[in-house]
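Trainee: Right, I'll just put the structure down here and ask away after.
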Amino acid sequence: MSINVDQLQFGLDTFGDVAYKDDTKERMSYEESLQNIVEEVKLADKCGVDAIALGEHHREEYSITSPDTVLAALSLVTENITLGTGVTVLSSDDPVRLYERFSTIDALSNGRAQMMIGRGAYTESFPLFGYDLKDYNELFEEKIAFLSELVGNDPVTWKGNLTQSLENVQLYPKIDKKLDVVVGVGGTPESVVRAAKYNFPVVLAIIGGDPTRFKPLVDLYHRTTRELGKPSQTVGMHSLGIIAETDEEAKEIAWDYVKATMDRVMKERGGLPMQRERFEYEVKYGAYYVGSPETVAQKIARMIQALGVQRFNLVYSVGGQLQKHRFQTVRLYGEKVIPRVKELLG
């Protein structure tokens, strides 16, 4: 298929995994972690990365619970990079407050704010903020409909069931364009169709297995958009990755930290620890983008072509890692991988 490389977007994702100190290999404090995330994004901005997406998690291993607060800080120390989330857990948040926070970031950053909404991989935010998990689906359905009314910046009248009701209310700060909203999708057709219904772009979370199995969802999104008479929107993907000067170095780093993360998740969900064979499969054929700049670029280019996506986000901080390795991945991604992918596809 023909690809217009000028329309491709390349981003980085982080959940704020708490990193380890280069000299002592001790775990950083949350303060140090947050300050270094700011430095990572400043580096990404200088290296030509198009977007950053900060995840929202309320767990011990992550430092970002309030991504929009970090984005507000980044709006004043970066120049070009799109400042987004990945994801904001919409179900346990207030769409009105979300509009106010992100329109503020948009104003501070000269139009660079992007809210990626989703239901989240974990559910800690529900009891934390007073929401009942029995309303899991209903909360998201109502709030995405509510948010779609708010982002146009016009006065809104809304009758809520699980949300508040509004009567011809204008929200502030009012900005000059429609607020940029993307939907993060875990992989269900229902989520893809819902995003198309509201004409929001989507990013597919591809965290394991053969990425090409998501091609039917890409096709479904575009087909649904056409059938609804909606303007064409982009489809993107995000997957984890670690980049080093050589394939061997990158795999050594990834095995230590990716395995630890996946083993923890599997233990919580009743699964088995990751075996080396599975790791090697994911690196070679699956959803892990681990290796030298050339290796990673070749794989990204193949997957962009195979899936027909217009955006690729690399989740670069899985497991925390030594801080120097995170800076290395950010730098090599911006300086070498992105230009090489464009060259391969151009």
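Going by the structure tokens order, chains are called A, B, ..., each with residues numbered from 1, while ligands are numbered from 1 in the order shown.
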Would you list the contacts of Pro339 in chain A as a list in words, taking every protein, DNA or RNA residue within 12 Å and counting only C-alpha atoms, but skipping same-chain residues closer than 5 positions in sequence?

Mentor: Val5, Asp6, Leu8, Gln9, Phe10, Cys47, Gly48, Val49, Asp50, Pro293, Glu294, Val296, Ala297, Gln298, Ile300, Ala301, Leu332, Tyr333, Gly334, Leu344, Leu345 and Gly346 of chain A

Trainee: Since we have the selection now, will you write its residues out, keeping N, CA, C and O atoms, as a PDB file, in the first residue's frame?

Mentor:
```
ATOM      1  N   VAL A   5       4.670   9.491   3.975  1.00  0.00           N
ATOM      2  CA  VAL A   5       5.471   9.576   5.201  1.00  0.00           C
ATOM      3  C   VAL A   5       5.297  10.910   5.911  1.00  0.00           C
ATOM      4  O   VAL A   5       5.516  11.006   7.123  1.00  0.00           O
ATOM      5  N   ASP A   6       4.892  11.942   5.179  1.00  0.00           N
ATOM      6  CA  ASP A   6       4.695  13.245   5.812  1.00  0.00           C
ATOM      7  C   ASP A   6       3.507  13.237   6.767  1.00  0.00           C
ATOM      8  O   ASP A   6       3.385  14.114   7.623  1.00  0.00           O
ATOM      9  N   LEU A   8       2.779  10.537   8.704  1.00  0.00           N
ATOM     10  CA  LEU A   8       3.050   9.621   9.809  1.00  0.00           C
ATOM     11  C   LEU A   8       3.418  10.400  11.067  1.00  0.00           C
ATOM     12  O   LEU A   8       4.039  11.457  11.009  1.00  0.00           O
ATOM     13  N   GLN A   9       3.026   9.846  12.203  1.00  0.00           N
ATOM     14  CA  GLN A   9       3.372  10.422  13.504  1.00  0.00           C
ATOM     15  C   GLN A   9       4.115   9.372  14.324  1.00  0.00           C
ATOM     16  O   GLN A   9       3.751   8.189  14.313  1.00  0.00           O
ATOM     17  N   PHE A  10       5.137   9.830  15.032  1.00  0.00           N
ATOM     18  CA  PHE A  10       5.927   8.922  15.866  1.00  0.00           C
ATOM     19  C   PHE A  10       5.976   9.479  17.288  1.00  0.00           C
ATOM     20  O   PHE A  10       6.433  10.604  17.511  1.00  0.00           O
ATOM     21  N   CYS A  47      14.943  15.891  19.922  1.00  0.00           N
ATOM     22  CA  CYS A  47      15.336  14.859  18.956  1.00  0.00           C
ATOM     23  C   CYS A  47      14.301  14.648  17.850  1.00  0.00           C
ATOM     24  O   CYS A  47      14.467  13.761  17.010  1.00  0.00           O
ATOM     25  N   GLY A  48      13.228  15.416  17.854  1.00  0.00           N
ATOM     26  CA  GLY A  48      12.273  15.348  16.764  1.00  0.00           C
ATOM     27  C   GLY A  48      11.146  14.356  16.922  1.00  0.00           C
ATOM     28  O   GLY A  48      10.454  14.040  15.949  1.00  0.00           O
ATOM     29  N   VAL A  49      10.903  13.845  18.139  1.00  0.00           N
ATOM     30  CA  VAL A  49       9.761  12.965  18.376  1.00  0.00           C
ATOM     31  C   VAL A  49       8.481  13.800  18.303  1.00  0.00           C
ATOM     32  O   VAL A  49       8.421  14.899  18.842  1.00  0.00           O
ATOM     33  N   ASP A  50       7.457  13.257  17.660  1.00  0.00           N
ATOM     34  CA  ASP A  50       6.243  14.027  17.412  1.00  0.00           C
ATOM     35  C   ASP A  50       5.358  14.189  18.638  1.00  0.00           C
ATOM     36  O   ASP A  50       4.686  15.222  18.792  1.00  0.00           O
ATOM     37  N   PRO A 293      18.990   0.572  16.410  1.00  0.00           N
ATOM     38  CA  PRO A 293      18.116   1.453  15.632  1.00  0.00           C
ATOM     39  C   PRO A 293      17.677   0.848  14.304  1.00  0.00           C
ATOM     40  O   PRO A 293      16.509   0.979  13.917  1.00  0.00           O
ATOM     41  N   GLU A 294      18.585   0.181  13.596  1.00  0.00           N
ATOM     42  CA  GLU A 294      18.219  -0.409  12.312  1.00  0.00           C
ATOM     43  C   GLU A 294      17.200  -1.536  12.480  1.00  0.00           C
ATOM     44  O   GLU A 294      16.221  -1.627  11.736  1.00  0.00           O
ATOM     45  N   VAL A 296      15.041  -2.028  14.946  1.00  0.00           N
ATOM     46  CA  VAL A 296      13.747  -1.493  15.374  1.00  0.00           C
ATOM     47  C   VAL A 296      13.063  -0.746  14.234  1.00  0.00           C
ATOM     48  O   VAL A 296      11.854  -0.876  14.014  1.00  0.00           O
ATOM     49  N   ALA A 297      13.826   0.023  13.480  1.00  0.00           N
ATOM     50  CA  ALA A 297      13.253   0.772  12.358  1.00  0.00           C
ATOM     51  C   ALA A 297      12.670  -0.168  11.315  1.00  0.00           C
ATOM     52  O   ALA A 297      11.578   0.071  10.785  1.00  0.00           O
ATOM     53  N   GLN A 298      13.386  -1.229  10.994  1.00  0.00           N
ATOM     54  CA  GLN A 298      12.893  -2.187  10.007  1.00  0.00           C
ATOM     55  C   GLN A 298      11.569  -2.799  10.458  1.00  0.00           C
ATOM     56  O   GLN A 298      10.632  -2.955   9.658  1.00  0.00           O
ATOM     57  N   ILE A 300       9.351  -1.557  12.706  1.00  0.00           N
ATOM     58  CA  ILE A 300       8.293  -0.547  12.727  1.00  0.00           C
ATOM     59  C   ILE A 300       7.775  -0.304  11.314  1.00  0.00           C
ATOM     60  O   ILE A 300       6.561  -0.233  11.083  1.00  0.00           O
ATOM     61  N   ALA A 301       8.680  -0.180  10.359  1.00  0.00           N
ATOM     62  CA  ALA A 301       8.270   0.061   8.975  1.00  0.00           C
ATOM     63  C   ALA A 301       7.403  -1.082   8.455  1.00  0.00           C
ATOM     64  O   ALA A 301       6.391  -0.852   7.775  1.00  0.00           O
ATOM     65  N   LEU A 332      17.960   7.560  20.649  1.00  0.00           N
ATOM     66  CA  LEU A 332      18.104   6.770  19.428  1.00  0.00           C
ATOM     67  C   LEU A 332      16.798   6.706  18.633  1.00  0.00           C
ATOM     68  O   LEU A 332      16.813   6.686  17.400  1.00  0.00           O
ATOM     69  N   TYR A 333      15.684   6.687  19.322  1.00  0.00           N
ATOM     70  CA  TYR A 333      14.384   6.679  18.645  1.00  0.00           C
ATOM     71  C   TYR A 333      14.204   7.955  17.825  1.00  0.00           C
ATOM     72  O   TYR A 333      13.819   7.910  16.654  1.00  0.00           O
ATOM     73  N   GLY A 334      14.492   9.096  18.449  1.00  0.00           N
ATOM     74  CA  GLY A 334      14.310  10.358  17.744  1.00  0.00           C
ATOM     75  C   GLY A 334      15.344  10.618  16.669  1.00  0.00           C
ATOM     76  O   GLY A 334      15.012  11.064  15.564  1.00  0.00           O
ATOM     77  N   LEU A 344      12.727   4.192   4.864  1.00  0.00           N
ATOM     78  CA  LEU A 344      12.297   2.870   4.401  1.00  0.00           C
ATOM     79  C   LEU A 344      10.926   2.921   3.737  1.00  0.00           C
ATOM     80  O   LEU A 344      10.676   2.243   2.742  1.00  0.00           O
ATOM     81  N   LEU A 345      10.050   3.735   4.262  1.00  0.00           N
ATOM     82  CA  LEU A 345       8.681   3.807   3.730  1.00  0.00           C
ATOM     83  C   LEU A 345       8.550   4.797   2.593  1.00  0.00           C
ATOM     84  O   LEU A 345       7.586   4.735   1.828  1.00  0.00           O
ATOM     85  N   GLY A 346       9.514   5.707   2.472  1.00  0.00           N
ATOM     86  CA  GLY A 346       9.434   6.728   1.435  1.00  0.00           C
ATOM     87  C   GLY A 346       9.901   6.257   0.093  1.00  0.00           C
ATOM     88  O   GLY A 346       9.601   6.876  -0.916  1.00  0.00           O
TER      89      GLY A 346
END
```

Trainee: Determine, counting only C-alpha atoms, which protein, DNA and RNA residues have an atom within 6 Å of an atom of range 183-189 of chain A; residues of the same chain fewer than 4 positions away are not included. Present the result as a PyMOL selection string.

Mentor: chain A and resi 116-118+202-205

Trainee: Which residues are close to Lys230 in chain A, i.e. within 12 Å by only C-alpha atoms, leaving aside same-chain residues fewer than 6 positions away? Reply as a PyMOL selection string.

Mentor: chain A and resi 195-201+221-224

Trainee: Restricting the output to N, CA, C and O atoms, write the selected residues as a short mmCIF file (atom, residue, chain, number, x, y, z; two decimals), in the first residue's frame.

Mentor:
```cif
data_model
loop_
_atom_site.label_atom_id
_atom_site.label_comp_id
_atom_site.auth_asym_id
_atom_site.auth_seq_id
_atom_site.Cartn_x
_atom_site.Cartn_y
_atom_site.Cartn_z
N ALA A 195 -15.41 4.42 19.02
CA ALA A 195 -14.53 5.54 18.67
C ALA A 195 -14.91 6.12 17.32
O ALA A 195 -14.93 7.35 17.12
N ALA A 196 -15.23 5.26 16.35
CA ALA A 196 -15.65 5.73 15.03
C ALA A 196 -16.95 6.51 15.12
O ALA A 196 -17.14 7.53 14.43
N LYS A 197 -17.86 6.06 15.97
CA LYS A 197 -19.15 6.74 16.14
C LYS A 197 -18.97 8.20 16.55
O LYS A 197 -19.66 9.09 16.05
N TYR A 198 -18.00 8.43 17.45
CA TYR A 198 -17.74 9.80 17.90
C TYR A 198 -16.67 10.51 17.08
O TYR A 198 -16.30 11.63 17.38
N ASN A 199 -16.18 9.82 16.06
CA ASN A 199 -15.20 10.38 15.13
C ASN A 199 -13.90 10.79 15.82
O ASN A 199 -13.27 11.78 15.46
N PHE A 200 -13.51 10.00 16.83
CA PHE A 200 -12.23 10.20 17.48
C PHE A 200 -11.20 9.27 16.84
O PHE A 200 -11.50 8.11 16.56
N PRO A 201 -9.97 9.73 16.60
CA PRO A 201 -8.89 8.83 16.17
C PRO A 201 -8.66 7.75 17.23
O PRO A 201 -9.02 7.94 18.40
N TYR A 221 -12.51 0.05 11.70
CA TYR A 221 -12.61 1.46 12.06
C TYR A 221 -12.87 2.32 10.82
O TYR A 221 -13.79 3.15 10.80
N HIS A 222 -12.08 2.12 9.79
CA HIS A 222 -12.24 2.93 8.58
C HIS A 222 -13.57 2.64 7.89
O HIS A 222 -14.22 3.56 7.38
N ARG A 223 -13.99 1.38 7.88
CA ARG A 223 -15.27 1.03 7.27
C ARG A 223 -16.44 1.67 8.02
O ARG A 223 -17.37 2.22 7.41
N THR A 224 -16.37 1.62 9.35
CA THR A 224 -17.44 2.21 10.16
C THR A 224 -17.49 3.72 9.98
O THR A 224 -18.57 4.31 9.87
#
```

Trainee: Please report, as a CSV table (one decimal) with all heavy atoms, in the first residue's frame, each residue of range 237-338 of chain A to which DSSP assigns strand (DSSP E or B) when run on this structure's backbone.

Mentor:
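Output (states05.csv):
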```csv
chain,number,residue,atom,x,y,z
A,237,MET,N,-0.9,2.8,16.7
A,237,MET,CA,-0.6,1.6,17.5
A,237,MET,C,0.5,2.0,18.6
A,237,MET,O,1.3,2.9,18.3
A,237,MET,CB,-0.1,0.4,16.7
A,237,MET,CG,1.2,0.7,15.9
A,237,MET,SD,1.7,-0.7,14.9
A,237,MET,CE,2.3,-1.8,16.1
A,238,HIS,N,0.4,1.3,19.7
A,238,HIS,CA,1.6,1.4,20.6
A,238,HIS,C,2.0,0.1,21.1
A,238,HIS,O,1.2,-0.8,21.3
A,238,HIS,CB,1.2,2.4,21.7
A,238,HIS,CG,0.7,1.8,23.0
A,238,HIS,ND1,0.8,2.5,24.2
A,238,HIS,CD2,0.2,0.6,23.4
A,238,HIS,CE1,0.3,1.8,25.2
A,238,HIS,NE2,0.0,0.6,24.7
A,239,SER,N,3.3,-0.1,21.2
A,239,SER,CA,3.9,-1.3,21.7
A,239,SER,C,5.2,-1.0,22.4
A,239,SER,O,5.8,0.1,22.2
A,239,SER,CB,4.3,-2.2,20.5
A,239,SER,OG,3.1,-2.6,19.8
A,240,LEU,N,5.6,-1.9,23.3
A,240,LEU,CA,6.8,-1.6,24.1
A,240,LEU,C,8.1,-1.8,23.3
A,240,LEU,O,8.1,-2.6,22.3
A,240,LEU,CB,6.8,-2.4,25.4
A,240,LEU,CG,7.0,-3.9,25.3
A,240,LEU,CD1,8.5,-4.3,25.3
A,240,LEU,CD2,6.3,-4.6,26.4
A,241,GLY,N,9.2,-1.1,23.7
A,241,GLY,CA,10.4,-1.2,23.0
A,241,GLY,C,11.6,-0.7,23.8
A,241,GLY,O,11.4,0.2,24.6
A,242,ILE,N,12.8,-1.2,23.5
A,242,ILE,CA,14.0,-0.7,24.1
A,242,ILE,C,15.0,-0.7,23.0
A,242,ILE,O,15.2,-1.7,22.3
A,242,ILE,CB,14.5,-1.6,25.2
A,242,ILE,CG1,13.5,-1.5,26.4
A,242,ILE,CG2,15.9,-1.3,25.7
A,242,ILE,CD1,13.7,-2.5,27.5
A,243,ILE,N,15.7,0.4,22.8
A,243,ILE,CA,16.7,0.6,21.7
A,243,ILE,C,18.1,0.8,22.3
A,243,ILE,O,18.2,1.6,23.3
A,243,ILE,CB,16.3,1.8,20.8
A,243,ILE,CG1,14.8,1.7,20.4
A,243,ILE,CG2,17.2,1.9,19.6
A,243,ILE,CD1,14.3,2.9,19.8
A,289,TYR,N,9.6,-4.2,20.3
A,289,TYR,CA,10.5,-3.5,19.4
A,289,TYR,C,11.8,-3.3,20.1
A,289,TYR,O,12.1,-2.2,20.6
A,289,TYR,CB,9.8,-2.2,18.9
A,289,TYR,CG,8.6,-2.5,18.1
A,289,TYR,CD1,7.4,-2.9,18.7
A,289,TYR,CD2,8.6,-2.5,16.7
A,289,TYR,CE1,6.3,-3.2,18.0
A,289,TYR,CE2,7.5,-2.8,16.0
A,289,TYR,CZ,6.3,-3.2,16.6
A,289,TYR,OH,5.2,-3.5,15.9
A,290,VAL,N,12.6,-4.3,20.1
A,290,VAL,CA,13.9,-4.3,20.9
A,290,VAL,C,15.0,-4.6,20.0
A,290,VAL,O,15.0,-5.6,19.2
A,290,VAL,CB,13.8,-5.5,22.0
A,290,VAL,CG1,15.1,-5.6,22.7
A,290,VAL,CG2,12.7,-5.2,23.0
A,291,GLY,N,16.0,-3.7,20.0
A,291,GLY,CA,17.2,-4.0,19.2
A,291,GLY,C,17.9,-2.7,18.9
A,291,GLY,O,17.7,-1.6,19.5
A,311,ARG,N,0.2,6.1,12.9
A,311,ARG,CA,0.9,6.6,14.1
A,311,ARG,C,1.5,5.4,14.8
A,311,ARG,O,0.9,4.3,14.9
A,311,ARG,CB,0.0,7.3,15.0
A,311,ARG,CG,0.6,7.7,16.3
A,311,ARG,CD,-0.4,8.6,17.2
A,311,ARG,NE,0.2,8.9,18.5
A,311,ARG,CZ,-0.4,9.7,19.3
A,311,ARG,NH1,-1.6,10.3,19.0
A,311,ARG,NH2,0.1,10.0,20.5
A,312,PHE,N,2.8,5.6,15.2
A,312,PHE,CA,3.4,4.5,16.0
A,312,PHE,C,4.0,5.2,17.3
A,312,PHE,O,4.7,6.1,17.3
A,312,PHE,CB,4.6,3.9,15.3
A,312,PHE,CG,5.2,2.8,16.1
A,312,PHE,CD1,4.8,1.5,15.9
A,312,PHE,CD2,6.3,3.0,16.9
A,312,PHE,CE1,5.4,0.4,16.7
A,312,PHE,CE2,6.9,2.0,17.7
A,312,PHE,CZ,6.4,0.7,17.5
A,313,ASN,N,3.6,4.6,18.5
A,313,ASN,CA,4.1,5.0,19.8
A,313,ASN,C,4.9,3.9,20.4
A,313,ASN,O,4.4,2.8,20.5
A,313,ASN,CB,2.9,5.4,20.7
A,313,ASN,CG,2.4,6.8,20.5
A,313,ASN,OD1,2.6,7.4,19.4
A,313,ASN,ND2,1.6,7.3,21.4
A,314,LEU,N,6.1,4.3,20.8
A,314,LEU,CA,7.0,3.3,21.5
A,314,LEU,C,6.9,3.5,23.0
A,314,LEU,O,7.1,4.6,23.5
A,314,LEU,CB,8.4,3.5,21.0
A,314,LEU,CG,9.4,2.5,21.5
A,314,LEU,CD1,9.3,1.2,20.7
A,314,LEU,CD2,10.8,3.0,21.5
A,315,VAL,N,6.5,2.4,23.7
A,315,VAL,CA,6.4,2.5,25.2
A,315,VAL,C,7.8,2.1,25.7
A,315,VAL,O,8.3,1.0,25.6
A,315,VAL,CB,5.4,1.4,25.7
A,315,VAL,CG1,5.3,1.6,27.2
A,315,VAL,CG2,4.1,1.6,25.1
A,322,LEU,N,17.5,1.3,34.2
A,322,LEU,CA,18.4,2.3,34.6
A,322,LEU,C,18.1,3.6,33.8
A,322,LEU,O,17.7,3.5,32.6
A,322,LEU,CB,19.9,1.9,34.3
A,322,LEU,CG,20.4,0.7,35.1
A,322,LEU,CD1,21.8,0.4,34.7
A,322,LEU,CD2,20.3,0.9,36.6
```

Trainee: Any idea what the distance is between CA of Val309 in chain A and CA of Val89 in chain A?

Mentor: 23.6 Å

Trainee: Write out as an MDAnalysis selection string the residues lying within 9 Å of range 276-282 of chain A, counting only C-alpha atoms and excluding same-chain residues fewer than 3 positions away.

Mentor: chainID A and resid 208:210 251 255 258:259 285:289

Trainee: How would the residues just picked look written out with C-alpha atoms as a tab-separated table (two decimals), in the first residue's frame?

Mentor:
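Now in again.tsv:
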```
chain	number	residue	atom	x	y	z
A	208	GLY	CA	1.81	-9.12	22.75
A	209	GLY	CA	1.52	-11.58	19.89
A	210	ASP	CA	1.54	-11.02	16.15
A	251	LYS	CA	17.83	-7.59	24.48
A	255	TRP	CA	14.98	-9.32	29.29
A	258	VAL	CA	10.31	-6.59	30.61
A	259	LYS	CA	10.31	-10.07	32.17
A	285	TYR	CA	7.89	-11.63	15.31
A	286	GLY	CA	5.62	-10.14	17.97
A	287	ALA	CA	4.92	-6.87	19.73
A	288	TYR	CA	8.36	-6.06	21.24
A	289	TYR	CA	10.50	-3.51	19.38
```

Trainee: As an exercise, work out the distance from CA of Pro231 in chain A to CA of Ala113 in chain A in Å and give it to one decimal place.

Mentor: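 Pair CA of Pro231 in chain A / CA of Ala113 in chain A returns 21.1 Å.
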
Trainee: As a ChimeraX atom specification, please: every residue in range 44-275 of chain A that DSSP puts in alpha helix (DSSP H).

Mentor: /A:44-46,67-74,95-108,125-128,136-150,189-197,215-227,247-268

Trainee: Residues within 10 Å of Val169 in chain A, please, as a short mmCIF file (atom, residue, chain, number, x, y, z; two decimals) with N, CA, C and O atoms, in the first residue's frame. Count only C-alpha atoms; anything in the same chain fewer than 4 positions from it doesn't count.

Mentor:
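Contents of out.cif, freshly written:
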```
data_model
loop_
_atom_site.label_atom_id
_atom_site.label_comp_id
_atom_site.auth_asym_id
_atom_site.auth_seq_id
_atom_site.Cartn_x
_atom_site.Cartn_y
_atom_site.Cartn_z
N LEU A 150 -18.60 18.26 24.82
CA LEU A 150 -17.85 19.34 25.44
C LEU A 150 -16.69 19.85 24.59
O LEU A 150 -16.36 21.05 24.64
N ASP A 154 -18.44 24.86 22.50
CA ASP A 154 -19.68 25.61 22.50
C ASP A 154 -20.47 25.36 23.79
O ASP A 154 -20.22 24.36 24.49
N PRO A 155 -21.43 26.23 24.12
CA PRO A 155 -22.29 25.97 25.29
C PRO A 155 -22.98 24.62 25.16
O PRO A 155 -23.41 24.22 24.08
N VAL A 156 -23.07 23.89 26.28
CA VAL A 156 -23.56 22.51 26.27
C VAL A 156 -24.77 22.36 27.17
O VAL A 156 -24.79 22.86 28.30
N THR A 157 -25.78 21.66 26.65
CA THR A 157 -26.91 21.20 27.45
C THR A 157 -26.84 19.68 27.50
O THR A 157 -26.75 19.03 26.45
N TRP A 158 -26.85 19.13 28.71
CA TRP A 158 -26.63 17.69 28.86
C TRP A 158 -27.46 17.17 30.03
O TRP A 158 -27.46 17.77 31.11
N SER A 165 -25.79 17.11 35.12
CA SER A 165 -26.55 17.70 34.03
C SER A 165 -26.18 19.16 33.87
O SER A 165 -25.88 19.85 34.86
#
```

Trainee: Considering only C-alpha atoms, state which residue in the set A:Ser191, A:Gln170, A:Ser292, A:Ser63 is at the smallest distance from Gln35 in chain A.

Mentor: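 Result for the nearest residue to Gln35 in chain A: A:Ser63.
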
Trainee: Would you mind telling me which residue in A:Tyr257, A:Phe146, A:Phe126, A:Phe15 lies nearest to His57 in chain A when using only C-alpha atoms?

Mentor: A:Phe15

Trainee: Env of Asn110 in chain A: 9 Å cut, atoms = only C-alpha atoms, seq-sep filter 3 positions within chain, self excluded. Answer as number ranges by chain.

Mentor: A: 75, 79, 105-107, 113

Trainee: Near range 137-139 of chain A, within 9 Å and counting only C-alpha atoms, which residues show up once chain neighbours fewer than 3 positions away are dropped, as a ChimeraX atom specification?

Mentor: /A:90-92,119,131,133-134,142-144,162-163

Trainee: For the residues in the current selection, export N, CA and C atoms as a compact mmCIF listing (two decimals), in the first residue's frame.

Mentor:
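Output below, filename again_2.txt:
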```txt
# COMPACT_ATOMS: atom_id res chain seq x y z
N LEU A 90 -11.06 7.71 31.58
CA LEU A 90 -12.26 8.54 31.50
C LEU A 90 -13.36 8.09 32.45
N SER A 91 -13.52 6.79 32.62
CA SER A 91 -14.62 6.26 33.43
C SER A 91 -14.60 6.77 34.86
N SER A 92 -13.41 7.01 35.42
CA SER A 92 -13.31 7.45 36.81
C SER A 92 -12.89 8.91 36.92
N ARG A 119 -10.45 3.11 29.02
CA ARG A 119 -11.00 2.52 30.25
C ARG A 119 -9.91 2.07 31.20
N TYR A 131 -16.08 5.46 42.58
CA TYR A 131 -16.92 4.89 41.53
C TYR A 131 -17.10 3.39 41.76
N LEU A 133 -17.46 -0.37 40.43
CA LEU A 133 -17.04 -1.17 39.29
C LEU A 133 -18.22 -1.82 38.55
N LYS A 134 -19.36 -1.95 39.20
CA LYS A 134 -20.51 -2.52 38.51
C LYS A 134 -21.00 -1.60 37.40
N GLU A 142 -21.41 6.68 28.93
CA GLU A 142 -22.01 7.99 29.16
C GLU A 142 -20.97 9.11 29.09
N LYS A 143 -19.79 8.85 29.62
CA LYS A 143 -18.79 9.92 29.69
C LYS A 143 -18.16 10.22 28.33
N ILE A 144 -18.00 9.22 27.47
CA ILE A 144 -17.46 9.53 26.15
C ILE A 144 -18.49 10.33 25.35
N LEU A 162 -25.28 9.04 35.18
CA LEU A 162 -24.16 8.82 36.08
C LEU A 162 -23.24 10.04 36.14
N THR A 163 -23.58 11.07 35.37
CA THR A 163 -22.83 12.33 35.38
C THR A 163 -23.77 13.47 35.72
```
